[in-house]
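Below is start-v9.cif, which holds mmCIF, C-alpha atoms.
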```cif
data_final
loop_
_atom_site.group_PDB
_atom_site.id
_atom_site.type_symbol
_atom_site.label_atom_id
_atom_site.label_comp_id
_atom_site.auth_asym_id
_atom_site.auth_seq_id
_atom_site.Cartn_x
_atom_site.Cartn_y
_atom_site.Cartn_z
ATOM 1 C CA MET A 1 12.042 -35.968 -90.470
ATOM 2 C CA THR A 2 12.770 -39.700 -90.909
ATOM 3 C CA SER A 3 11.190 -39.605 -94.345
ATOM 4 C CA ARG A 4 13.182 -36.461 -95.173
ATOM 5 C CA ARG A 5 16.395 -38.109 -94.000
ATOM 6 C CA SER A 6 15.803 -41.206 -96.083
ATOM 7 C CA THR A 7 14.999 -39.049 -99.117
ATOM 8 C CA LEU A 8 18.219 -37.129 -98.577
ATOM 9 C CA ALA A 9 20.151 -40.380 -98.139
ATOM 10 C CA ALA A 10 18.703 -41.813 -101.338
ATOM 11 C CA ALA A 11 19.513 -38.599 -103.188
ATOM 12 C CA ALA A 12 23.048 -38.566 -101.851
ATOM 13 C CA LEU A 13 23.491 -42.151 -103.029
ATOM 14 C CA LEU A 14 22.065 -41.298 -106.439
ATOM 15 C CA ALA A 15 24.296 -38.210 -106.607
ATOM 16 C CA ALA A 16 27.324 -40.318 -105.731
ATOM 17 C CA LEU A 17 26.402 -42.831 -108.425
ATOM 18 C CA THR A 18 25.694 -40.311 -111.168
ATOM 19 C CA GLY A 19 27.873 -37.386 -110.176
ATOM 20 C CA ALA A 20 24.919 -35.170 -111.010
ATOM 21 C CA TRP A 21 24.680 -33.405 -107.673
ATOM 22 C CA SER A 22 27.435 -32.130 -105.514
ATOM 23 C CA SER A 23 25.402 -32.148 -102.315
ATOM 24 C CA PRO A 24 22.078 -33.408 -100.990
ATOM 25 C CA ARG A 25 20.840 -29.770 -101.010
ATOM 26 C CA HIS A 26 20.423 -30.207 -104.757
ATOM 27 C CA LEU A 27 17.516 -32.611 -104.580
ATOM 28 C CA PRO A 28 15.106 -31.980 -107.474
ATOM 29 C CA GLY A 29 12.535 -30.504 -105.138
ATOM 30 C CA GLU A 30 15.069 -28.225 -103.478
ATOM 31 C CA GLU A 31 16.772 -26.609 -106.438
ATOM 32 C CA ILE A 32 14.643 -23.499 -106.398
ATOM 33 C CA ALA A 33 16.290 -20.313 -105.151
ATOM 34 C CA TYR A 34 14.676 -17.901 -102.718
ATOM 35 C CA PRO A 35 12.872 -15.275 -104.831
ATOM 36 C CA THR A 36 15.009 -12.319 -103.785
ATOM 37 C CA GLY A 37 13.254 -8.979 -104.269
ATOM 38 C CA TYR A 38 9.814 -10.439 -104.940
ATOM 39 C CA ARG A 39 8.163 -7.729 -102.800
ATOM 40 C CA LEU A 40 9.005 -5.305 -105.603
ATOM 41 C CA TRP A 41 7.477 -7.547 -108.283
ATOM 42 C CA THR A 42 3.946 -7.035 -109.585
ATOM 43 C CA HIS A 43 1.138 -7.672 -107.118
ATOM 44 C CA VAL A 44 -1.402 -9.967 -108.737
ATOM 45 C CA LYS A 45 -3.973 -10.396 -105.965
ATOM 46 C CA SER A 46 -4.562 -10.922 -102.257
ATOM 47 C CA GLU A 47 -7.009 -13.132 -100.402
ATOM 48 C CA ILE A 48 -7.835 -14.277 -96.922
ATOM 49 C CA ILE A 49 -8.107 -17.986 -96.114
ATOM 50 C CA GLY A 50 -10.294 -18.457 -93.031
ATOM 51 C CA PRO A 51 -10.793 -21.391 -90.645
ATOM 52 C CA GLU A 52 -13.688 -22.776 -92.728
ATOM 53 C CA HIS A 53 -11.393 -23.349 -95.705
ATOM 54 C CA PRO A 54 -9.774 -26.810 -96.058
ATOM 55 C CA ALA A 55 -6.370 -25.172 -96.710
ATOM 56 C CA PHE A 56 -6.506 -23.206 -93.437
ATOM 57 C CA PRO A 57 -4.016 -25.332 -91.448
ATOM 58 C CA ARG A 58 -1.336 -24.780 -94.063
ATOM 59 C CA PHE A 59 -2.248 -21.485 -95.747
ATOM 60 C CA GLY A 60 -4.642 -19.768 -93.338
ATOM 61 C CA GLY A 61 -4.180 -16.001 -93.080
ATOM 62 C CA ILE A 62 -3.804 -13.270 -95.672
ATOM 63 C CA HIS A 63 -1.786 -14.096 -98.776
ATOM 64 C CA HIS A 64 -0.432 -11.963 -101.580
ATOM 65 C CA VAL A 65 0.510 -13.266 -105.016
ATOM 66 C CA TYR A 66 3.487 -11.622 -106.776
ATOM 67 C CA ALA A 67 4.787 -12.262 -110.303
ATOM 68 C CA ASN A 68 8.117 -11.487 -112.006
ATOM 69 C CA GLN A 69 8.268 -9.989 -115.522
ATOM 70 C CA PRO A 70 8.158 -13.285 -117.482
ATOM 71 C CA ALA A 71 5.195 -14.415 -115.370
ATOM 72 C CA MET A 72 3.391 -11.142 -116.163
ATOM 73 C CA THR A 73 3.780 -12.020 -119.852
ATOM 74 C CA GLY A 74 2.288 -15.400 -118.971
ATOM 75 C CA TYR A 75 -0.766 -13.904 -117.285
ATOM 76 C CA ARG A 76 -1.495 -11.985 -120.471
ATOM 77 C CA ALA A 77 -0.775 -14.883 -122.853
ATOM 78 C CA GLY A 78 -2.296 -17.745 -120.846
ATOM 79 C CA ARG A 79 0.973 -19.748 -121.222
ATOM 80 C CA PHE A 80 3.898 -18.930 -118.971
ATOM 81 C CA PRO A 81 7.373 -18.567 -120.514
ATOM 82 C CA GLN A 82 10.557 -20.125 -119.138
ATOM 83 C CA GLY A 83 11.804 -18.236 -116.108
ATOM 84 C CA SER A 84 8.349 -17.268 -114.887
ATOM 85 C CA VAL A 85 8.277 -17.100 -111.102
ATOM 86 C CA ILE A 86 5.139 -16.659 -109.012
ATOM 87 C CA VAL A 87 5.263 -16.133 -105.253
ATOM 88 C CA PHE A 88 2.488 -16.957 -102.798
ATOM 89 C CA ASP A 89 3.326 -14.933 -99.676
ATOM 90 C CA VAL A 90 1.328 -16.042 -96.631
ATOM 91 C CA LEU A 91 1.060 -13.884 -93.501
ATOM 92 C CA GLN A 92 -0.757 -14.649 -90.287
ATOM 93 C CA ALA A 93 -3.985 -12.606 -90.252
ATOM 94 C CA GLU A 94 -5.100 -10.619 -87.247
ATOM 95 C CA GLN A 95 -8.523 -9.083 -86.728
ATOM 96 C CA ARG A 96 -8.880 -5.960 -84.574
ATOM 97 C CA ASP A 97 -11.479 -3.163 -84.415
ATOM 98 C CA GLY A 98 -12.983 -4.186 -87.729
ATOM 99 C CA ARG A 99 -9.644 -4.373 -89.564
ATOM 100 C CA THR A 100 -8.107 -7.622 -90.814
ATOM 101 C CA PHE A 101 -4.415 -7.342 -91.603
ATOM 102 C CA GLY A 102 -1.252 -9.400 -91.988
ATOM 103 C CA THR A 103 1.269 -9.850 -89.206
ATOM 104 C CA ARG A 104 4.129 -12.382 -89.131
ATOM 105 C CA ARG A 105 5.081 -14.261 -92.302
ATOM 106 C CA ARG A 106 4.071 -17.943 -92.294
ATOM 107 C CA VAL A 107 5.573 -19.198 -95.573
ATOM 108 C CA VAL A 108 6.827 -17.969 -98.938
ATOM 109 C CA ASP A 109 5.753 -20.448 -101.628
ATOM 110 C CA VAL A 110 7.410 -20.253 -105.019
ATOM 111 C CA MET A 111 6.598 -21.783 -108.397
ATOM 112 C CA VAL A 112 9.189 -21.585 -111.183
ATOM 113 C CA LYS A 113 8.651 -22.428 -114.853
ATOM 114 C CA ASP A 114 11.436 -24.543 -116.321
ATOM 115 C CA SER A 115 10.133 -27.141 -118.726
ATOM 116 C CA ILE A 116 13.388 -29.087 -118.774
ATOM 117 C CA ARG A 117 14.138 -29.291 -115.060
ATOM 118 C CA PHE A 118 10.510 -29.714 -114.064
ATOM 119 C CA GLY A 119 9.154 -31.575 -117.079
ATOM 120 C CA ALA A 120 7.757 -34.298 -114.828
ATOM 121 C CA THR A 121 5.506 -31.808 -113.009
ATOM 122 C CA GLY A 122 4.050 -29.884 -115.928
ATOM 123 C CA GLY A 123 7.085 -27.631 -116.367
ATOM 124 C CA TRP A 124 6.743 -26.037 -112.946
ATOM 125 C CA GLY A 125 8.897 -26.557 -109.863
ATOM 126 C CA PHE A 126 7.583 -25.794 -106.385
ATOM 127 C CA GLU A 127 9.357 -24.707 -103.211
ATOM 128 C CA GLU A 128 8.390 -23.338 -99.827
ATOM 129 C CA PHE A 129 10.442 -21.165 -97.472
ATOM 130 C CA ARG A 130 9.478 -20.984 -93.827
ATOM 131 C CA GLY A 131 8.657 -17.649 -92.202
ATOM 132 C CA ASP A 132 11.158 -14.944 -93.089
ATOM 133 C CA SER A 133 13.940 -17.455 -93.676
ATOM 134 C CA ARG A 134 15.611 -17.513 -97.078
ATOM 135 C CA THR A 135 17.205 -20.895 -96.435
ATOM 136 C CA GLU A 136 14.848 -22.937 -94.266
ATOM 137 C CA ARG A 137 12.710 -24.984 -96.642
ATOM 138 C CA SER A 138 9.711 -27.157 -95.944
ATOM 139 C CA ALA A 139 10.217 -30.908 -96.026
ATOM 140 C CA PRO A 140 10.068 -32.411 -99.556
ATOM 141 C CA GLU A 141 7.110 -34.620 -98.609
ATOM 142 C CA LEU A 142 5.079 -31.454 -97.942
ATOM 143 C CA MET A 143 5.722 -30.289 -101.517
ATOM 144 C CA ARG A 144 4.565 -33.484 -103.244
ATOM 145 C CA GLY A 145 0.953 -32.375 -103.513
ATOM 146 C CA CYS A 146 1.710 -29.015 -105.168
ATOM 147 C CA ALA A 147 1.851 -30.099 -108.810
ATOM 148 C CA GLY A 148 -1.170 -32.399 -108.546
ATOM 149 C CA CYS A 149 -3.338 -29.637 -107.132
ATOM 150 C CA HIS A 150 -2.017 -27.006 -109.564
ATOM 151 C CA GLN A 151 -2.866 -29.292 -112.488
ATOM 152 C CA ARG A 152 -6.486 -28.380 -111.791
ATOM 153 C CA ALA A 153 -5.750 -24.662 -112.309
ATOM 154 C CA PRO A 154 -7.276 -22.990 -115.364
ATOM 155 C CA HIS A 155 -4.172 -21.510 -117.055
ATOM 156 C CA ASP A 156 -0.958 -23.512 -117.352
ATOM 157 C CA MET A 157 -1.176 -24.694 -113.698
ATOM 158 C CA VAL A 158 -1.706 -21.128 -112.413
ATOM 159 C CA PHE A 159 -4.801 -20.383 -110.349
ATOM 160 C CA SER A 160 -4.692 -16.584 -110.311
ATOM 161 C CA ASP A 161 -5.594 -14.085 -112.998
ATOM 162 C CA PHE A 162 -4.244 -10.608 -113.714
ATOM 163 C CA PRO A 163 -5.911 -8.271 -113.314
ATOM 164 C CA ASP A 164 -7.685 -10.175 -110.570
ATOM 165 C CA MET B 1 -24.376 19.011 -105.668
ATOM 166 C CA THR B 2 -25.404 22.529 -104.684
ATOM 167 C CA SER B 3 -22.255 22.871 -102.628
ATOM 168 C CA ARG B 4 -20.205 21.483 -105.521
ATOM 169 C CA ARG B 5 -21.810 23.956 -107.923
ATOM 170 C CA SER B 6 -21.101 26.913 -105.684
ATOM 171 C CA THR B 7 -17.513 25.745 -105.225
ATOM 172 C CA LEU B 8 -17.146 25.510 -108.989
ATOM 173 C CA ALA B 9 -18.695 28.934 -109.444
ATOM 174 C CA ALA B 10 -16.356 30.474 -106.872
ATOM 175 C CA ALA B 11 -13.382 28.821 -108.551
ATOM 176 C CA ALA B 12 -14.440 30.017 -111.978
ATOM 177 C CA LEU B 13 -14.723 33.560 -110.614
ATOM 178 C CA LEU B 14 -11.328 33.297 -108.985
ATOM 179 C CA ALA B 15 -9.888 31.873 -112.210
ATOM 180 C CA ALA B 16 -11.399 34.714 -114.201
ATOM 181 C CA LEU B 17 -9.935 37.249 -111.734
ATOM 182 C CA THR B 18 -6.466 35.751 -111.566
ATOM 183 C CA GLY B 19 -6.179 34.009 -114.912
ATOM 184 C CA ALA B 20 -4.697 31.097 -113.019
ATOM 185 C CA TRP B 21 -7.093 28.417 -114.233
ATOM 186 C CA SER B 22 -8.488 27.895 -117.664
ATOM 187 C CA SER B 23 -11.521 25.893 -116.576
ATOM 188 C CA PRO B 24 -13.439 24.953 -113.451
ATOM 189 C CA ARG B 25 -12.020 21.387 -113.834
ATOM 190 C CA HIS B 26 -8.794 22.825 -112.472
ATOM 191 C CA LEU B 27 -10.011 23.409 -108.977
ATOM 192 C CA PRO B 28 -7.206 22.786 -106.472
ATOM 193 C CA GLY B 29 -8.887 19.580 -105.303
ATOM 194 C CA GLU B 30 -9.413 18.313 -108.831
ATOM 195 C CA GLU B 31 -6.013 18.789 -110.415
ATOM 196 C CA ILE B 32 -4.841 15.284 -109.731
ATOM 197 C CA ALA B 33 -4.579 12.930 -112.700
ATOM 198 C CA TYR B 34 -5.768 9.333 -112.685
ATOM 199 C CA PRO B 35 -2.746 7.222 -111.631
ATOM 200 C CA THR B 36 -2.361 5.338 -114.910
ATOM 201 C CA GLY B 37 -0.493 2.047 -114.529
ATOM 202 C CA TYR B 38 -0.602 1.970 -110.725
ATOM 203 C CA ARG B 39 -1.396 -1.770 -110.726
ATOM 204 C CA LEU B 40 2.212 -2.296 -111.837
ATOM 205 C CA TRP B 41 3.621 -0.102 -109.053
ATOM 206 C CA THR B 42 4.935 -1.542 -105.799
ATOM 207 C CA HIS B 43 2.392 -3.207 -103.532
ATOM 208 C CA VAL B 44 2.801 -1.825 -100.037
ATOM 209 C CA LYS B 45 0.084 -3.656 -98.132
ATOM 210 C CA SER B 46 -3.499 -4.915 -98.154
ATOM 211 C CA GLU B 47 -6.177 -4.904 -95.488
ATOM 212 C CA ILE B 48 -9.834 -5.667 -95.017
ATOM 213 C CA ILE B 49 -12.172 -3.081 -93.503
ATOM 214 C CA GLY B 50 -15.202 -4.839 -91.980
ATOM 215 C CA PRO B 51 -18.627 -3.577 -90.897
ATOM 216 C CA GLU B 52 -17.403 -2.911 -87.326
ATOM 217 C CA HIS B 53 -14.937 -0.289 -88.566
ATOM 218 C CA PRO B 54 -16.095 3.356 -88.618
ATOM 219 C CA ALA B 55 -14.741 3.752 -92.180
ATOM 220 C CA PHE B 56 -16.819 0.841 -93.480
ATOM 221 C CA PRO B 57 -19.470 2.881 -95.322
ATOM 222 C CA ARG B 58 -16.835 4.603 -97.405
ATOM 223 C CA PHE B 59 -13.904 2.180 -97.497
ATOM 224 C CA GLY B 60 -15.378 -1.188 -96.496
ATOM 225 C CA GLY B 61 -13.961 -4.142 -98.436
ATOM 226 C CA ILE B 62 -10.430 -5.210 -99.287
ATOM 227 C CA HIS B 63 -7.965 -2.472 -100.140
ATOM 228 C CA HIS B 64 -4.487 -2.528 -101.613
ATOM 229 C CA VAL B 65 -1.937 0.266 -101.250
ATOM 230 C CA TYR B 66 0.417 0.892 -104.205
ATOM 231 C CA ALA B 67 3.333 3.343 -104.408
ATOM 232 C CA ASN B 68 5.260 4.805 -107.354
ATOM 233 C CA GLN B 69 9.081 5.013 -107.334
ATOM 234 C CA PRO B 70 9.419 8.403 -105.573
ATOM 235 C CA ALA B 71 6.980 7.213 -102.907
ATOM 236 C CA MET B 72 9.073 4.069 -102.386
ATOM 237 C CA THR B 73 12.017 6.372 -101.639
ATOM 238 C CA GLY B 74 9.715 8.127 -99.182
ATOM 239 C CA TYR B 75 8.795 4.930 -97.353
ATOM 240 C CA ARG B 76 12.492 4.280 -96.789
ATOM 241 C CA ALA B 77 13.377 7.866 -95.827
ATOM 242 C CA GLY B 78 10.304 8.758 -93.767
ATOM 243 C CA ARG B 79 9.847 11.960 -95.860
ATOM 244 C CA PHE B 80 8.227 11.697 -99.263
ATOM 245 C CA PRO B 81 9.852 13.527 -102.213
ATOM 246 C CA GLN B 82 7.992 15.646 -104.760
ATOM 247 C CA GLY B 83 6.110 13.488 -107.236
ATOM 248 C CA SER B 84 5.361 10.718 -104.741
ATOM 249 C CA VAL B 85 2.022 9.097 -105.526
ATOM 250 C CA ILE B 86 0.267 6.580 -103.288
ATOM 251 C CA VAL B 87 -2.880 4.756 -104.375
ATOM 252 C CA PHE B 88 -5.504 3.259 -102.065
ATOM 253 C CA ASP B 89 -7.418 0.786 -104.246
ATOM 254 C CA VAL B 90 -10.685 -0.349 -102.633
ATOM 255 C CA LEU B 91 -12.565 -3.422 -103.862
ATOM 256 C CA GLN B 92 -15.835 -4.822 -102.589
ATOM 257 C CA ALA B 93 -15.036 -7.915 -100.489
ATOM 258 C CA GLU B 94 -16.898 -11.174 -100.861
ATOM 259 C CA GLN B 95 -16.737 -14.109 -98.479
ATOM 260 C CA ARG B 96 -17.330 -17.638 -99.794
ATOM 261 C CA ASP B 97 -16.304 -21.113 -98.578
ATOM 262 C CA GLY B 98 -13.798 -19.660 -96.139
ATOM 263 C CA ARG B 99 -12.159 -17.341 -98.700
ATOM 264 C CA THR B 100 -12.417 -13.546 -98.583
ATOM 265 C CA PHE B 101 -11.530 -11.856 -101.848
ATOM 266 C CA GLY B 102 -12.010 -8.654 -103.819
ATOM 267 C CA THR B 103 -14.657 -8.266 -106.485
ATOM 268 C CA ARG B 104 -15.761 -4.999 -108.113
ATOM 269 C CA ARG B 105 -13.727 -1.822 -107.591
ATOM 270 C CA ARG B 106 -15.354 0.737 -105.281
ATOM 271 C CA VAL B 107 -12.923 3.665 -105.458
ATOM 272 C CA VAL B 108 -9.341 4.512 -106.366
ATOM 273 C CA ASP B 109 -8.009 7.077 -103.907
ATOM 274 C CA VAL B 110 -4.839 8.956 -104.764
ATOM 275 C CA MET B 111 -2.486 11.149 -102.767
ATOM 276 C CA VAL B 112 0.159 13.179 -104.599
ATOM 277 C CA LYS B 113 3.098 15.029 -103.042
ATOM 278 C CA ASP B 114 3.550 18.537 -104.427
ATOM 279 C CA SER B 115 4.552 21.006 -101.750
ATOM 280 C CA ILE B 116 3.813 24.037 -103.913
ATOM 281 C CA ARG B 117 0.403 23.103 -105.286
ATOM 282 C CA PHE B 118 -0.753 21.496 -102.070
ATOM 283 C CA GLY B 119 1.118 23.548 -99.504
ATOM 284 C CA ALA B 120 -2.113 24.303 -97.667
ATOM 285 C CA THR B 121 -2.694 20.597 -96.981
ATOM 286 C CA GLY B 122 0.727 19.501 -95.792
ATOM 287 C CA GLY B 123 2.159 19.176 -99.303
ATOM 288 C CA TRP B 124 -0.237 16.415 -100.321
ATOM 289 C CA GLY B 125 -3.192 16.599 -102.700
ATOM 290 C CA PHE B 126 -6.021 14.079 -102.515
ATOM 291 C CA GLU B 127 -8.366 12.735 -105.173
ATOM 292 C CA GLU B 128 -10.845 9.905 -105.518
ATOM 293 C CA PHE B 129 -11.984 8.132 -108.695
ATOM 294 C CA ARG B 130 -15.203 6.156 -108.636
ATOM 295 C CA GLY B 131 -15.229 2.470 -109.519
ATOM 296 C CA ASP B 132 -13.192 1.696 -112.618
ATOM 297 C CA SER B 133 -13.709 5.182 -114.033
ATOM 298 C CA ARG B 134 -10.647 7.274 -114.830
ATOM 299 C CA THR B 135 -12.662 10.464 -115.097
ATOM 300 C CA GLU B 136 -15.556 10.277 -112.622
ATOM 301 C CA ARG B 137 -14.353 11.924 -109.426
ATOM 302 C CA SER B 138 -15.967 12.111 -106.016
ATOM 303 C CA ALA B 139 -17.500 15.424 -105.015
ATOM 304 C CA PRO B 140 -14.988 17.944 -103.561
ATOM 305 C CA GLU B 141 -16.858 18.062 -100.255
ATOM 306 C CA LEU B 142 -16.130 14.344 -99.795
ATOM 307 C CA MET B 143 -12.394 15.053 -100.088
ATOM 308 C CA ARG B 144 -12.243 17.804 -97.483
ATOM 309 C CA GLY B 145 -11.586 15.423 -94.606
ATOM 310 C CA CYS B 146 -8.638 13.663 -96.244
ATOM 311 C CA ALA B 147 -5.816 15.984 -95.211
ATOM 312 C CA GLY B 148 -7.119 16.451 -91.656
ATOM 313 C CA CYS B 149 -7.238 12.716 -91.055
ATOM 314 C CA HIS B 150 -3.880 12.081 -92.748
ATOM 315 C CA GLN B 151 -2.246 14.687 -90.521
ATOM 316 C CA ARG B 152 -2.569 12.098 -87.751
ATOM 317 C CA ALA B 153 -0.458 9.591 -89.727
ATOM 318 C CA PRO B 154 2.992 8.760 -88.380
ATOM 319 C CA HIS B 155 5.218 9.549 -91.393
ATOM 320 C CA ASP B 156 4.674 12.696 -93.464
ATOM 321 C CA MET B 157 0.888 12.156 -93.554
ATOM 322 C CA VAL B 158 1.263 8.541 -94.706
ATOM 323 C CA PHE B 159 -0.332 5.773 -92.626
ATOM 324 C CA SER B 160 1.284 2.725 -94.214
ATOM 325 C CA ASP B 161 4.785 1.329 -93.802
ATOM 326 C CA PHE B 162 6.956 -0.606 -96.202
ATOM 327 C CA PRO B 163 7.581 -3.398 -95.703
ATOM 328 C CA ASP B 164 4.269 -3.664 -93.910
#
```
What would you get if you wrote out this structure as structure tokens?
Amino acid sequence: MTSRRSTLAAAALLAALTGAWSSPRHLPGEEIAYPTGYRLWTHVKSEIIGPEHPAFPRFGGIHHVYANQPAMTGYRAGRFPQGSVIVFDVLQAEQRDGRTFGTRRRVVDVMVKDSIRFGATGGWGFEEFRGDSRTERSAPELMRGCAGCHQRAPHDMVFSDFPD
Amino acid sequence: MTSRRSTLAAAALLAALTGAWSSPRHLPGEEIAYPTGYRLWTHVKSEIIGPEHPAFPRFGGIHHVYANQPAMTGYRAGRFPQGSVIVFDVLQAEQRDGRTFGTRRRVVDVMVKDSIRFGATGGWGFEEFRGDSRTERSAPELMRGCAGCHQRAPHDMVFSDFPD
């Protein structure tokens, strides 16, 4: 939280100096809106991340990937147009009587294509919402690794394929 | 296959007597079309069926449930309108490095709401397509248990909820 506070303080100072932001909520890493209605977007794929996977502490459970219409064009073309949004919806996984299924929502991760706003991170901006909250975001320092890892993805920083 | 042949023969006889069907392909259990485009319908839920589950031999793997627009109305209302179609898309599951993910398609199961055509089975008709085929259907005797099992479902013979 100290690191988050100092980031916010620095941003507020910068905003005051440049007039570019009206509030510290508009940090570059925090400008991404909650992806309202994403559960009605196209389902790209689902996977389970188990305890043996290095990403388990953060993303363990069952996740579903959803894409909006521009992102669906991107899956077909291999390059994602402006306005593409992809959601990585992570639920806790429970195993019972031979079934493995999702329970409570852990996080909703979002990547948004905007080559101007997010030019420094390959044209994609990343955000994470906690649980079912549409306003509670993960700390900016948690989001710093997103772009670096996604740069290793095969298609324009996107790991998934459609159809999977 | 013998049972399938005799069913077809009986249907052909009935069709000849009543003029109701033009070919044995139009058996009551076989009238359901492949659900073209279902991968772009709404994703309801996904689950994994493991070896400990009694349904493993038939449905083991990762499955995704998709619903067309009328069925989405049904999920909200608790009663499904005419024309509702729900797809149960079963992929082989593979486990590697802590990830569990779908590979080849096993079956595409379909349930269609039509209270007139399928009045004898609670208003729902059931069909199963094999693998990625849009024409190769499972034998009618395999489909006989569908309605009986679905009668135990909580909402109008549908097991899943939305949102899950």
Exercise. Mind pulling up the distance from CA of Glu128 (chain B) to CA of Pro140 (chain B)?
Worked result: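 Computing it gives 9.3 Å between the two atoms.
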Exercise. Can you list, as a ChimeraX atom specification, the residues that the PyMOL selection byres ((chain B) within 6 of (chain A)) selects here?
Worked result: /B:40,42-43,47-50,52-53,98-101
Output C-alpha atoms for every residue in the selection just made, as a tab-separated table (two decimals), in the coordinates of the input.
```tsv
chain	number	residue	atom	x	y	z
B	40	LEU	CA	2.21	-2.30	-111.84
B	42	THR	CA	4.93	-1.54	-105.80
B	43	HIS	CA	2.39	-3.21	-103.53
B	47	GLU	CA	-6.18	-4.90	-95.49
B	48	ILE	CA	-9.83	-5.67	-95.02
B	49	ILE	CA	-12.17	-3.08	-93.50
B	50	GLY	CA	-15.20	-4.84	-91.98
B	52	GLU	CA	-17.40	-2.91	-87.33
B	53	HIS	CA	-14.94	-0.29	-88.57
B	98	GLY	CA	-13.80	-19.66	-96.14
B	99	ARG	CA	-12.16	-17.34	-98.70
B	100	THR	CA	-12.42	-13.55	-98.58
B	101	PHE	CA	-11.53	-11.86	-101.85
```
For this session: Expand the PyMOL selection byres ((chain A and resi 112-122) around 8) into the individual residues it matches in the shown file, reporting them as an MDAnalysis selection string.
Result: chainID A and resid 32 80:86 110:111 123:126 147 151 157
Keeping C-alpha atoms for every residue in the selection just given, could you write it to a file as a PDB file, keeping the file's coordinate frame?
```pdb
ATOM      1  CA  ILE A  32      14.643 -23.499-106.398  1.00  0.00           C
ATOM      2  CA  PHE A  80       3.898 -18.930-118.971  1.00  0.00           C
ATOM      3  CA  PRO A  81       7.373 -18.567-120.514  1.00  0.00           C
ATOM      4  CA  GLN A  82      10.557 -20.125-119.138  1.00  0.00           C
ATOM      5  CA  GLY A  83      11.804 -18.236-116.108  1.00  0.00           C
ATOM      6  CA  SER A  84       8.349 -17.268-114.887  1.00  0.00           C
ATOM      7  CA  VAL A  85       8.277 -17.100-111.102  1.00  0.00           C
ATOM      8  CA  ILE A  86       5.139 -16.659-109.012  1.00  0.00           C
ATOM      9  CA  VAL A 110       7.410 -20.253-105.019  1.00  0.00           C
ATOM     10  CA  MET A 111       6.598 -21.783-108.397  1.00  0.00           C
ATOM     11  CA  GLY A 123       7.085 -27.631-116.367  1.00  0.00           C
ATOM     12  CA  TRP A 124       6.743 -26.037-112.946  1.00  0.00           C
ATOM     13  CA  GLY A 125       8.897 -26.557-109.863  1.00  0.00           C
ATOM     14  CA  PHE A 126       7.583 -25.794-106.385  1.00  0.00           C
ATOM     15  CA  ALA A 147       1.851 -30.099-108.810  1.00  0.00           C
ATOM     16  CA  GLN A 151      -2.866 -29.292-112.488  1.00  0.00           C
ATOM     17  CA  MET A 157      -1.176 -24.694-113.698  1.00  0.00           C
TER      18      MET A 157
END
```
Exercise. Expanded to explicit residues, what is the PyMOL selection byres ((chain A and resi 143) around 12) for this file, as a VMD selection string?
Worked result: chain A and resid 4 28 to 30 58 109 to 111 121 125 to 129 137 to 142 144 to 150
Taking all listed atoms of region 28-46 of chain B, build the axis-aligned box, pad each of the six sides by 4 Å, then write its centre and edge lengths in Å to one decimal as AutoDock Vina command-line options.
```
--center_x -2.2 --center_y 8.9 --center_z -106.5 --size_x 22.3 --size_y 35.7 --size_z 24.8
```
Within-6 Å shell of (-9.5, 2.9, -105.6) in input frame, all atoms listed in the file, as a PDB file with C-alpha atoms, in the frame of the given file:
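Listed below is the output, result_29.pdb:
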```
ATOM      1  CA  PHE B  88      -5.504   3.259-102.065  1.00  0.00           C
ATOM      2  CA  ASP B  89      -7.418   0.786-104.246  1.00  0.00           C
ATOM      3  CA  VAL B  90     -10.685  -0.349-102.633  1.00  0.00           C
ATOM      4  CA  VAL B 107     -12.923   3.665-105.458  1.00  0.00           C
ATOM      5  CA  VAL B 108      -9.341   4.512-106.366  1.00  0.00           C
ATOM      6  CA  ASP B 109      -8.009   7.077-103.907  1.00  0.00           C
TER       7      ASP B 109
END
```
For this session: Would you mind reading off the distance between CA of Gly37 (chain B) and CA of Phe159 (chain B), one decimal, in Å?
Result: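 Atom-to-atom, CA of Gly37 (chain B) to CA of Phe159 (chain B), that is 22.2 Å.
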